[in-house]
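> Quick one: the structure is below, and I'll ask about it shortly.
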Amino acid sequence: MNLAITSGYVVPVDGDPIDGGTVLIQDGKITAVGRDVTVPEGTPIVDAAGGWVLPGFVEAHGHLGVHEEAEGWAGQDTNEMTDPNGARLRALDAINPADLAFADALSGGVTTAVIKPGSGNPIGGQTVAIKCWGRSVDEMLLKEPVSVKSALGENPKRVYGDQKKLPSTRQGVAAVIRDAFMKAQDYTAKKAAAEAEGKPFDRDGTLEILARVLDGELPWCQHTHRADDIATALRLAGEFGYRLVINHGTEGHLLADTLAERNVPVIIGPLFTSRSKVELRQRSLRNPGILARAGVEVAITTDHPVVPIHFLVHQATLAVKEGLDPADALRSITVNPARIMGLDDRVGALKPGLDGDVVIWSGDPLDVMSRALKVYVSGREVYTYADGEPVVADPYYRESSDR
């Protein structure tokens with residue numbers, strides 16, 4: 001798809017704003033961003049005068065499509081709570097693009113989401129990055145797998161404690177994770193020996209994916225709230241040498257200096273919730289700012305459907321009210337989550353070479369009165385707000401030129 005968005009207040013996020021700038025998209029990719037961009041003859045032009053032009057937002061930790069809204073039991077595929085080690089499970093296999101959340105995402109300027117299994121298991125499964133518009137998850141796919149999801153703290157000990165089986169304590173949860181990685185180390189050694197000797201070797205989907213974590217290929221997304229659980233996450237990562245990403249990090253501000261020193265990013269949130277359990281006692285909109293000022297790379301998450309996906313930007317706005325720098329707030333929902341999840345070669349900023357995922361806002365998106373007026377995914381207009389009505393393009397309809 002070819003498109004030129006002109007005359008807007010362009011915010012690339014990873015560069016200085018450009019008043020009266022142009023974003024040129026060719027074949028679905030951004031090819032130029034600036035004030036004096038030559039638009040090829042015949043390119044469709046969208047006049048964004050009076051509006052703000054930003055990259056589509058990136059949700060780094062959500063459950064769109066696997067925890068469907070208004071579906072109840074039938075649409076709940078977030079947790080396979082029958083096996084403490086679900087590393088072989090893939091969120092990709094459970095996503096329903098018809099989930100109402102995807103339309104909501106576009107209305108909030110969110111064009112990319114990393115979908116993760118839930119936090120009921122010590123090891124929940126593989127995460128996937130998708131665009132928020134399409135007929136099938138295969139068409140929406142951006143990257144798979146992106147990381148492996150794991151959980152410490154209350155959730156897994158409650159799930160398996162209720163079943164009267166391991167793990168029912170925090171030490172049991174850590175032991176399950178530690179045992180799994182030791183088995184993966186042994187598996188890797190045995191596989192290498194078999195290959196060297198030309199012998200057959202029985203593959204194991206669970207251990208194969210954990211071996212990729214140990215190799216540094218896939219980050220380990222660690223659900224953890226309390227400071228002591230964050231310390232356990234750091235301890236386990238130190239033992240096995242994998243790339244750790246703290247997810248939620250409710251008490252991460254208490255260890256902010258340690259997280260910064262070890263270069264461990266934090267995907268923080270959800271922030272619009274009650275303190276519904278012990279782990280959330282220190283949940284505060286001040287915490288993103290504390291982490292960012294300490295030098296921690298921060299991304300903000302809704303953990304949809306815990307907080308509705310279209311409130312992602314509003315969480316950033318209220319974090320600004322409580323001390324987060326406005327520039328850091330925009331980075332926390334664009335370039336930071338893209339970089340943390342290894343997607344920054346495709347999304348998260350407005351610069352040549354990245355996907356043409358662009359949103360035209362009525363004003364500063366950190367102003368709660370601003371609206372996403374037009375949303376483009378790979379240069380295709382997929383959402384429009386006009387005359388008081390939101391309209392999402394039908395992904396099942398393609399013009400003949402697109403077939």
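Chain identifiers are assigned as A, B, and so on, following the order in which chains appear in the structure tokens; residues are numbered from 1 within each chain, and ligands are numbered from 1 in order of appearance.
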Check the DSSP output for the backbone and give back, as a PyMOL selection string, the residues of range 169-229 of chain A in alpha helix (DSSP H).
chain A and resi 170-197+205-214+227-229
> So that I can see what lies close to Gly28 in chain A, please list as JSON, numbers by chain the residues with an atom at most 8 Å from it, counting only C-alpha atoms and leaving out residues fewer than 5 positions away in the same chain.
{"A": [1, 2, 355, 356, 377, 378, 379, 380]}
> For range 48-55 of chain A, find every residue with an atom within 8 Å (counting only C-alpha atoms), except residues of its own chain fewer than 6 positions away, and show them as a ChimeraX atom specification.
/A:5-13,20,334,347-350,357-365
> Could those selected residues go to a file with N, CA, C and O atoms, as an mmCIF file, in the first residue's frame?

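Dumped to out.cif:
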data_model
loop_
_atom_site.group_PDB
_atom_site.id
_atom_site.type_symbol
_atom_site.label_atom_id
_atom_site.label_comp_id
_atom_site.auth_asym_id
_atom_site.auth_seq_id
_atom_site.Cartn_x
_atom_site.Cartn_y
_atom_site.Cartn_z
ATOM 1 N N ILE A 5 1.179 10.879 4.147
ATOM 2 C CA ILE A 5 0.453 11.626 5.175
ATOM 3 C C ILE A 5 1.198 12.944 5.341
ATOM 4 O O ILE A 5 2.373 12.969 5.733
ATOM 5 N N THR A 6 0.536 14.030 5.020
ATOM 6 C CA THR A 6 1.211 15.325 4.941
ATOM 7 C C THR A 6 0.643 16.342 5.924
ATOM 8 O O THR A 6 -0.472 16.190 6.430
ATOM 9 N N SER A 7 1.466 17.376 6.185
ATOM 10 C CA SER A 7 1.045 18.605 6.885
ATOM 11 C C SER A 7 0.720 18.420 8.359
ATOM 12 O O SER A 7 0.194 19.336 8.990
ATOM 13 N N GLY A 8 1.009 17.260 8.933
ATOM 14 C CA GLY A 8 0.708 17.042 10.343
ATOM 15 C C GLY A 8 1.878 17.368 11.247
ATOM 16 O O GLY A 8 2.993 17.684 10.798
ATOM 17 N N TYR A 9 1.625 17.303 12.541
ATOM 18 C CA TYR A 9 2.684 17.436 13.546
ATOM 19 C C TYR A 9 3.214 16.026 13.767
ATOM 20 O O TYR A 9 2.614 15.220 14.481
ATOM 21 N N VAL A 10 4.325 15.704 13.118
ATOM 22 C CA VAL A 10 4.843 14.343 13.079
ATOM 23 C C VAL A 10 5.750 14.095 14.279
ATOM 24 O O VAL A 10 6.725 14.823 14.500
ATOM 25 N N VAL A 11 5.426 13.066 15.052
ATOM 26 C CA VAL A 11 6.220 12.687 16.228
ATOM 27 C C VAL A 11 6.821 11.317 15.958
ATOM 28 O O VAL A 11 6.172 10.290 16.193
ATOM 29 N N PRO A 12 8.079 11.259 15.471
ATOM 30 C CA PRO A 12 8.687 9.957 15.175
ATOM 31 C C PRO A 12 8.966 9.119 16.408
ATOM 32 O O PRO A 12 9.177 7.924 16.316
ATOM 33 N N VAL A 13 9.016 9.740 17.580
ATOM 34 C CA VAL A 13 9.310 9.169 18.894
ATOM 35 C C VAL A 13 10.814 8.996 19.102
ATOM 36 O O VAL A 13 11.340 9.401 20.135
ATOM 37 N N GLY A 20 4.418 20.206 10.399
ATOM 38 C CA GLY A 20 4.189 20.250 8.961
ATOM 39 C C GLY A 20 4.948 19.174 8.224
ATOM 40 O O GLY A 20 5.349 19.356 7.067
ATOM 41 N N THR A 334 5.659 2.762 22.685
ATOM 42 C CA THR A 334 6.065 2.683 21.273
ATOM 43 C C THR A 334 7.418 1.973 21.151
ATOM 44 O O THR A 334 7.493 0.761 21.096
ATOM 45 N N VAL A 347 8.469 -2.154 14.049
ATOM 46 C CA VAL A 347 7.462 -1.234 14.583
ATOM 47 C C VAL A 347 8.048 -0.394 15.720
ATOM 48 O O VAL A 347 9.172 -0.616 16.165
ATOM 49 N N GLY A 348 7.256 0.582 16.182
ATOM 50 C CA GLY A 348 7.621 1.339 17.375
ATOM 51 C C GLY A 348 8.063 2.764 17.128
ATOM 52 O O GLY A 348 8.190 3.539 18.072
ATOM 53 N N ALA A 349 8.303 3.143 15.875
ATOM 54 C CA ALA A 349 8.755 4.499 15.569
ATOM 55 C C ALA A 349 8.373 4.828 14.130
ATOM 56 O O ALA A 349 7.944 3.954 13.365
ATOM 57 N N LEU A 350 8.519 6.092 13.778
ATOM 58 C CA LEU A 350 8.335 6.515 12.392
ATOM 59 C C LEU A 350 9.711 6.761 11.797
ATOM 60 O O LEU A 350 10.336 7.793 12.053
ATOM 61 N N ASP A 357 2.810 1.509 10.009
ATOM 62 C CA ASP A 357 1.764 1.502 11.043
ATOM 63 C C ASP A 357 1.719 2.888 11.660
ATOM 64 O O ASP A 357 2.557 3.248 12.502
ATOM 65 N N VAL A 358 0.762 3.684 11.240
ATOM 66 C CA VAL A 358 0.730 5.108 11.558
ATOM 67 C C VAL A 358 -0.666 5.483 12.054
ATOM 68 O O VAL A 358 -1.670 4.975 11.551
ATOM 69 N N VAL A 359 -0.686 6.390 13.031
ATOM 70 C CA VAL A 359 -1.965 6.859 13.586
ATOM 71 C C VAL A 359 -2.009 8.381 13.525
ATOM 72 O O VAL A 359 -1.055 9.049 13.948
ATOM 73 N N ILE A 360 -3.106 8.905 12.999
ATOM 74 C CA ILE A 360 -3.345 10.346 13.020
ATOM 75 C C ILE A 360 -4.280 10.646 14.177
ATOM 76 O O ILE A 360 -5.397 10.118 14.241
ATOM 77 N N TRP A 361 -3.804 11.467 15.111
ATOM 78 C CA TRP A 361 -4.573 11.863 16.289
ATOM 79 C C TRP A 361 -5.118 13.277 16.116
ATOM 80 O O TRP A 361 -4.517 14.108 15.430
ATOM 81 N N SER A 362 -6.221 13.551 16.799
ATOM 82 C CA SER A 362 -6.795 14.899 16.751
ATOM 83 C C SER A 362 -5.922 15.906 17.475
ATOM 84 O O SER A 362 -6.015 17.110 17.227
ATOM 85 N N GLY A 363 -5.061 15.423 18.374
ATOM 86 C CA GLY A 363 -4.154 16.277 19.139
ATOM 87 C C GLY A 363 -3.138 15.407 19.858
ATOM 88 O O GLY A 363 -2.952 14.229 19.504
ATOM 89 N N ASP A 364 -2.503 15.968 20.858
ATOM 90 C CA ASP A 364 -1.520 15.216 21.647
ATOM 91 C C ASP A 364 -2.199 13.978 22.231
ATOM 92 O O ASP A 364 -3.175 14.096 22.976
ATOM 93 N N PRO A 365 -1.717 12.769 21.924
ATOM 94 C CA PRO A 365 -2.373 11.569 22.444
ATOM 95 C C PRO A 365 -2.320 11.469 23.970
ATOM 96 O O PRO A 365 -3.105 10.709 24.558
#
> List every residue of range 104-352 of chain A that DSSP, applied to the backbone of this structure, assigns to strand (DSSP E), and report them as an NGL selection string.
:A and (110-115 or 123-126 or 128-131 or 141-143 or 148-151 or 220-224 or 244-248 or 266-268 or 298-300)
> Within 9 Å of Val148 in chain A, counting only C-alpha atoms, which residues show up once you throw out same-chain ones fewer than 2 positions away? Write them as an mmCIF file with N, CA and C atoms, in the first residue's frame, please.

data_model
loop_
_atom_site.group_PDB
_atom_site.id
_atom_site.type_symbol
_atom_site.label_atom_id
_atom_site.label_comp_id
_atom_site.auth_asym_id
_atom_site.auth_seq_id
_atom_site.Cartn_x
_atom_site.Cartn_y
_atom_site.Cartn_z
ATOM 1 N N ALA A 87 6.010 -24.916 28.393
ATOM 2 C CA ALA A 87 6.889 -24.246 27.430
ATOM 3 C C ALA A 87 6.547 -24.594 25.987
ATOM 4 N N LYS A 116 0.387 -13.121 25.177
ATOM 5 C CA LYS A 116 1.076 -14.050 26.063
ATOM 6 C C LYS A 116 0.089 -14.992 26.735
ATOM 7 N N PRO A 117 0.537 -16.222 27.019
ATOM 8 C CA PRO A 117 -0.268 -17.085 27.878
ATOM 9 C C PRO A 117 -0.427 -16.433 29.248
ATOM 10 N N ILE A 123 5.682 -22.074 34.130
ATOM 11 C CA ILE A 123 6.091 -21.812 32.753
ATOM 12 C C ILE A 123 4.843 -21.901 31.886
ATOM 13 N N GLY A 124 4.425 -20.767 31.354
ATOM 14 C CA GLY A 124 3.126 -20.694 30.703
ATOM 15 C C GLY A 124 3.115 -21.022 29.231
ATOM 16 N N GLY A 125 4.189 -20.666 28.512
ATOM 17 C CA GLY A 125 4.216 -20.954 27.084
ATOM 18 C C GLY A 125 4.846 -19.837 26.276
ATOM 19 N N GLN A 126 4.739 -19.973 24.955
ATOM 20 C CA GLN A 126 5.399 -19.072 24.023
ATOM 21 C C GLN A 126 4.489 -17.902 23.644
ATOM 22 N N THR A 127 5.082 -16.729 23.559
ATOM 23 C CA THR A 127 4.341 -15.523 23.219
ATOM 24 C C THR A 127 4.481 -15.236 21.719
ATOM 25 N N PRO A 145 8.200 -17.498 17.829
ATOM 26 C CA PRO A 145 7.828 -16.941 19.129
ATOM 27 C C PRO A 145 8.621 -15.672 19.423
ATOM 28 N N VAL A 146 8.099 -14.888 20.333
ATOM 29 C CA VAL A 146 8.771 -13.652 20.738
ATOM 30 C C VAL A 146 9.553 -13.870 22.028
ATOM 31 N N SER A 150 6.673 -16.901 31.942
ATOM 32 C CA SER A 150 6.842 -17.633 33.197
ATOM 33 C C SER A 150 6.188 -16.828 34.311
ATOM 34 N N ILE A 209 12.299 -25.518 23.267
ATOM 35 C CA ILE A 209 12.049 -24.084 23.421
ATOM 36 C C ILE A 209 12.847 -23.526 24.596
ATOM 37 N N LEU A 210 13.005 -24.304 25.667
ATOM 38 C CA LEU A 210 13.806 -23.835 26.799
ATOM 39 C C LEU A 210 15.275 -23.714 26.414
ATOM 40 N N VAL A 213 15.829 -20.408 24.972
ATOM 41 C CA VAL A 213 15.953 -19.386 26.018
ATOM 42 C C VAL A 213 17.376 -19.375 26.559
ATOM 43 N N LEU A 218 15.650 -16.276 22.861
ATOM 44 C CA LEU A 218 14.340 -15.822 23.319
ATOM 45 C C LEU A 218 14.431 -15.272 24.733
ATOM 46 N N PRO A 219 13.871 -14.088 24.990
ATOM 47 C CA PRO A 219 13.854 -13.582 26.363
ATOM 48 C C PRO A 219 12.842 -14.331 27.226
ATOM 49 N N TRP A 220 13.053 -14.240 28.524
ATOM 50 C CA TRP A 220 12.213 -14.899 29.518
ATOM 51 C C TRP A 220 11.335 -13.830 30.151
ATOM 52 N N CYS A 221 10.047 -13.846 29.825
ATOM 53 C CA CYS A 221 9.115 -12.851 30.350
ATOM 54 C C CYS A 221 8.564 -13.331 31.685
ATOM 55 N N GLN A 222 9.055 -12.723 32.767
ATOM 56 C CA GLN A 222 8.769 -13.206 34.116
ATOM 57 C C GLN A 222 7.675 -12.401 34.791
#
> Which range 84-181 of chain A residues have any atom within 9 Å of an atom of range 311-320 of chain A, and for each, what is the nearest pair of atoms with distance in Å to one decimal, counting only C-alpha atoms, rows sorted by chain and number, as a Markdown table?

| residue | atom | partner | partner_atom | distance |
| --- | --- | --- | --- | --- |
| A:Ala105 | CA | A:Phe311 | CA | 8.7 |
| A:Gly108 | CA | A:Phe311 | CA | 6.8 |
| A:Gly109 | CA | A:Val313 | CA | 8.3 |
| A:Val110 | CA | A:Leu312 | CA | 8.1 |
> Could you tell me which of A:Leu24, A:Ile177, A:Ala299, A:Ala338 comes closest to Pro84 in chain A if we count only C-alpha atoms?
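Checking each candidate against Pro84 in chain A, we get A:Ile177 as the closest.
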> Just the residues within 9 Å of Glu381 in chain A, please, counting only C-alpha atoms, with nothing from its chain fewer than 5 positions along; format it as a list in words.
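Skipping anything fewer than 5 positions along the chain leaves Lys374, Val375, Tyr376, Val392 and Ala393 of chain A.
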